[in-house]
Structures are given as C-alpha cells and as structure tokens.
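Chemist: Here it is, the structure, as structure tokens.
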Amino acid sequence: MSWEQYGSPGQGQGQGQGQGGYGYGGHGYGYGYGEQGQPYAPPQRYGPVQPYVQPQPYPRQHGEYGQHGEYGQYGEYGGHRDHGQVEPPAESTAPLPPVRPEPDRGTGPGAAEPGSPPEPSPAGRPGGRDRYFDTLRAVALVRVVTYHTFGWAWAGLVLPSMGIMFGLAGTLMAKSLERPAPKVVRSRVRRLLPPFWFWGVFVVVAMLVHGWMPGWQIVYWIVPLGDPPGNAWGEQAWEILWYLRTYLWFVLVSPLLLRVFRLAPVPVLLASLAPIVVFQFAWQPPDDRFGTGLLDLATYLFCWVLGFAHRDGVLARLKPAAVVLLSLAALAYGGWYALAHQAEYGTYDLDDIPLAQAFWSAGFVTLLMYSKARLGVDFAGLARFPRLDRLVTVFNARAVTLYLWHELALILAVPLIDQFWNVPAFETYLPLNSQWFMFGVGWVLIAVFVLLCGWVEDVAARKRPRLLP
C-alpha cells in the first residue's frame, strides 16, 4: 500500500490510438502510446506539477478518509546466537571435521544475517534453507509484479503478498536478534540502503531532467524514514518505496518490540491489531509522511509480530481449533469490510482499505505460518525440479533488486512494444495489444535488471559480486 494508491482509481487499461498504440494500466496509472509512438501525458491525479514539491493535504473532509482508500493523497510525492569455535582437547591430535560453507541466505529484506544459526533442514540436518518460506517469498514477488501489470483488485484477496513478506521478514528478524541488537540493525540497514541508492540515482536524475525541483525532503532519498519526494513524471517508479520505508521502521523498532512480545506473547500478538482499529474508528493519523508511516506500520504490525511468534515457537504451541477459528474470523471480517465498503472507497482492493488489509493479511498469513509451525509443511521436494528450485533461489537472493526495478521494467516495456509495431512480422504474428504480452516483456526486462544491478545486493551484504547467486 502506498499513498500513490490513495487517490481515485486510475483508469490505466486503455489502449493507445492508431498504429503503435499501447497502454499500460498497472496499479492505476495510464501510460499510453499513440500514433507514431508519442506518449500520452500521465494523468494528473495529484494536480499540476509544481516547481517545488510540498506535502498536500488529504482531499477529504474532517472525519473522512480519501476517496480511494483511507489515506487520501499527497500532491506530487508519494517487500543469533553466536557459536564460538569449539577448541579440541590439548592432548588430541585428531583433525577437526571440515567446516561446511554457510549457505547463501539471500540479501533481500528478511534475509538471514551472516553468522546466524541456520534453520534445520527437513531431514534434520543443519545448513539448508527453508524452501517453504523461500517459495512463499518468490510467489509473493510474482504477485506484486502481476498486480502492478494488470491492476486486478481481487489479487490481494487471492494472495496478500505484502503481509506474507512482512511476516517472513519478522521471523528472520527475530532469528537475527539472537545476536546483539545494534549489530543486527546496522547489518539490516547496510544491506537495504546501497541497492536503494543505486536505483535512486537513476530515478532522481531522470526526474531532474524532466523538471523536478527538489526541496529539503530530498534527504529521504538518502535514508527513507519517510517517503522520498518526486514529481508526477516519475511517480510510477517511486510509488513502491512505501514498502522499504515500512520495512526500515520495523527493523529499527524490532529490538524493543521483540522484548515486549516476549513478556506476554499471545496477548501482544492479538493486541497488535488494535492500532489499525484505533486509526479507523477513533483517531486519524496526521495528514503527512508521519501519519502515512504510522498507518502502514499499523496495517502490517500483526504480520511482523506473527513472525516473532513463529520463530519463538509460540504458534506451534497453540491449539489448532483456536488458531483456525480466529484466522477464519479475521479473514471473514477483512473480506466483509472490503466488499461492504467498496462503494465508500471506490474499490474493494485491499491495498486501498487498510483495515481490511490488516485483518485479511492477519488471517491468511497466520494459516500459512501455522501450517509450517504445527504441521511441519515444507517444500523439500522442490529440489526434484532443479530449474524451479534455482529460480526460487534467485528470487530470494535478489528480492530487493526485483522489487525496486520491476516497475521501471514495466514502464520501459511500453515504448519497447510500441516499436514492435514498426516491424510488419511482429505486428502480424505477435499479440502486441495484449497486456499478457507486456507482462512477458516486463519479465524479460526484470531479468536484465537482475543481471545488471543485482550485484549491488552482494556488495551490500559484503559478498563477492556475482551475476546470479
């Protein structure tokens, strides 16, 4: 969920006019290419571009949220315990057993810290990655790209991808915090910021070339504690940064939050849904970056704390009947609220209705986590499909790169497909008017970005840079 989604629903599904016409409607933003490949101007959902970007108030009356989602819109600016070396007895001359290399645990948000104890493999042997969680993260990323391509409102009901990603990240954060908290936080921030800076250079320079005049808020392009500013021209690229901002705040508050959770695990877990209820019915957060950040934190707080509960074994100790009943109740309430209030919000898209998103994600992710904790569900059989297993590995090791660059890939797919119309054979035999075709081209460009830019994640994790992990 990002504040760019809080305005009125975009109508981005339109096709361009005449030969070479093609429209991109992912996530409610229209980018069409008309005759002779000339781009239409993007819809001015946030008013005319001003030379200096300032926060704009929500377009709502007191006591109401914005027209499209609860958040309104903002004008033009806006996924361990240290084991020491065991010394042999002095009189022993037997060689120590060989040290097995630590597996690659990825470099994206939620990746395990270097030096943290590995999760046991399904067969009980240490050193293996949890393919169940890896697969969930990979599928969640695919759903994000799909949603940003087609803009399907029902996609969040089928798979609440952001709730899943926050839940997995919470689990691995609790695991990492078995080591000293300052070291863990520094490591997480270090692994997040370089890929963000590398990507941001291209976006910021492009916006400057297209007339953007930044103010002091440009500091958020250095440390995204608030949503970085920008202009309408680059809006589709930077709208996704709400996830990095929310993840960063969760990392910063996790040492204290984990301590509080361990005082009373189940009550704290249930109470983590209270902030979003308060924001919906009792107190509205301020109309600024701080308020939007609070709302996003409240929306996904339960999923993050649920990750703590899984890591500490709290979920595994709960009775199945209670977990299933409460999860279904949360799903029922979240789904009902979204469908019953779609006229109020203009859509039933969970990304635009934080209360529905919070409860639907809570129920959905709880069932996924509980299946792992109680039933021991794993996808160890994925190893029988080497190519698919390899793909899951790449998705996890390049999660930040894929998330940051996928919108640019989808944007660039539009003018690229527009040029295909100039080739008679392509025009005749390729479905250039289909968004499914653009979806495929987008994934090709995403793969290119992963190859060209993914090495930054290795550098951030202090690993040897590689084209692919």
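In the structure tokens, each chain is lettered A, B, ... as it comes, each chain's residues begin at 1, and ligands are numbered from 1 in order of appearance.
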Applying 8 Å and only C-alpha atoms, which residues near segment 167-174 of chain A remain after dropping the ones on its own chain fewer than 4 positions away? List them as a compact mmCIF listing (two decimals) with C-alpha atoms, in the first residue's frame.
Modeler:
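Output saved as out13.txt:
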```txt
# COMPACT_ATOMS: atom_id res chain seq x y z
CA PRO A 109 14.67 -7.73 3.28
CA GLY A 110 14.20 -10.57 5.71
CA ALA A 111 17.30 -12.46 4.62
CA ALA A 112 19.11 -14.20 7.43
CA PHE A 133 9.41 -19.71 3.18
CA ARG A 137 8.51 -15.04 -0.85
CA GLY A 163 1.51 -9.34 4.52
CA GLU A 178 19.62 -13.68 18.95
CA VAL A 251 13.82 -3.13 11.67
CA SER A 254 12.19 -4.69 16.43
CA LEU A 258 10.59 -8.29 20.47
CA CYS A 303 2.15 -9.93 10.39
CA TRP A 304 5.53 -8.76 11.68
CA VAL A 305 4.78 -9.86 15.26
CA LEU A 306 3.39 -13.12 13.89
CA GLY A 307 6.87 -13.72 12.55
CA PHE A 308 8.18 -13.36 16.11
CA ALA A 309 5.58 -15.88 17.29
CA HIS A 310 6.66 -18.40 14.69
CA ARG A 311 10.35 -18.04 15.46
CA ASP A 312 9.86 -18.34 19.24
CA VAL A 365 -0.57 -15.31 6.96
```
Chemist: Find, counting only C-alpha atoms, the residue in A:Ala358, A:Ala181, A:Val205, A:Met438 that gets nearest to Phe166 of chain A.
Modeler: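 Going through A:Ala358, A:Ala181, A:Val205, A:Met438 one by one, the smallest distance to Phe166 of chain A is for A:Ala358.
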Chemist: Write out as a ChimeraX atom specification which residues come within 9 Å of Leu445 of chain A when counting only C-alpha atoms, dropping same-chain ones fewer than 2 positions away.
Modeler: /A:406,408-410,412-413,440-443,447-450
Chemist: From a DSSP pass on the backbone, collect the residues of segment 161-249 of chain A flagged as alpha helix (DSSP H) and hand them back as a ChimeraX atom specification.
Modeler: /A:161-176,181-209,235-238,242-249
Chemist: Under the rule of at most 10 Å, produce a per-residue listing of segment 354-439 of chain A near segment 318-331 of chain A: chain, number, name, the closest pair of atoms, and the distance in Å, as CSV, using only C-alpha atoms.
Modeler:
```
residue,atom,partner,partner_atom,distance
A:Ala356,CA,A:Leu331,CA,8.8
A:Gln357,CA,A:Leu331,CA,9.6
A:Ala358,CA,A:Ala330,CA,8.9
A:Phe359,CA,A:Ala330,CA,5.1
A:Trp360,CA,A:Leu331,CA,4.6
A:Ser361,CA,A:Leu331,CA,7.7
A:Ala362,CA,A:Ala330,CA,6.7
A:Gly363,CA,A:Ser327,CA,4.0
A:Phe364,CA,A:Leu331,CA,6.8
A:Val365,CA,A:Ser327,CA,8.7
A:Thr366,CA,A:Ser327,CA,6.5
A:Leu367,CA,A:Ser327,CA,6.7
A:Tyr370,CA,A:Val323,CA,7.9
A:Ser371,CA,A:Pro320,CA,9.8
A:Ala373,CA,A:Leu318,CA,9.9
A:Arg374,CA,A:Pro320,CA,8.2
```
Chemist: For the residues in the current selection, export C-alpha atoms as a short mmCIF file (atom, residue, chain, number, x, y, z; two decimals), in the first residue's frame.
Modeler:
```cif
data_model
loop_
_atom_site.label_atom_id
_atom_site.label_comp_id
_atom_site.auth_asym_id
_atom_site.auth_seq_id
_atom_site.Cartn_x
_atom_site.Cartn_y
_atom_site.Cartn_z
CA ALA A 356 -9.50 -4.84 5.52
CA GLN A 357 -5.87 -5.39 4.50
CA ALA A 358 -4.78 -5.79 8.13
CA PHE A 359 -7.41 -8.40 9.04
CA TRP A 360 -7.29 -10.32 5.77
CA SER A 361 -3.49 -10.49 5.90
CA ALA A 362 -3.61 -11.49 9.57
CA GLY A 363 -5.87 -14.47 8.92
CA PHE A 364 -4.15 -15.54 5.72
CA VAL A 365 -0.57 -15.31 6.96
CA THR A 366 -1.46 -16.99 10.28
CA LEU A 367 -2.71 -20.06 8.44
CA TYR A 370 0.77 -22.24 11.43
CA SER A 371 0.95 -24.85 8.68
CA ALA A 373 4.94 -24.44 12.70
CA ARG A 374 2.40 -27.12 13.62
#
```
Chemist: Between atom CA of Gln342 of chain A and atom CA of Leu157 of chain A, what is the distance, to one decimal in Å?
Modeler: 13.7 Å
Chemist: If you measure from atom CA of Trp283 of chain A to atom CA of Ala155 of chain A, what distance in Å do you get, rounded to one decimal?
Modeler: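 Between atom CA of Trp283 of chain A and atom CA of Ala155 of chain A the gap works out to 29.2 Å.
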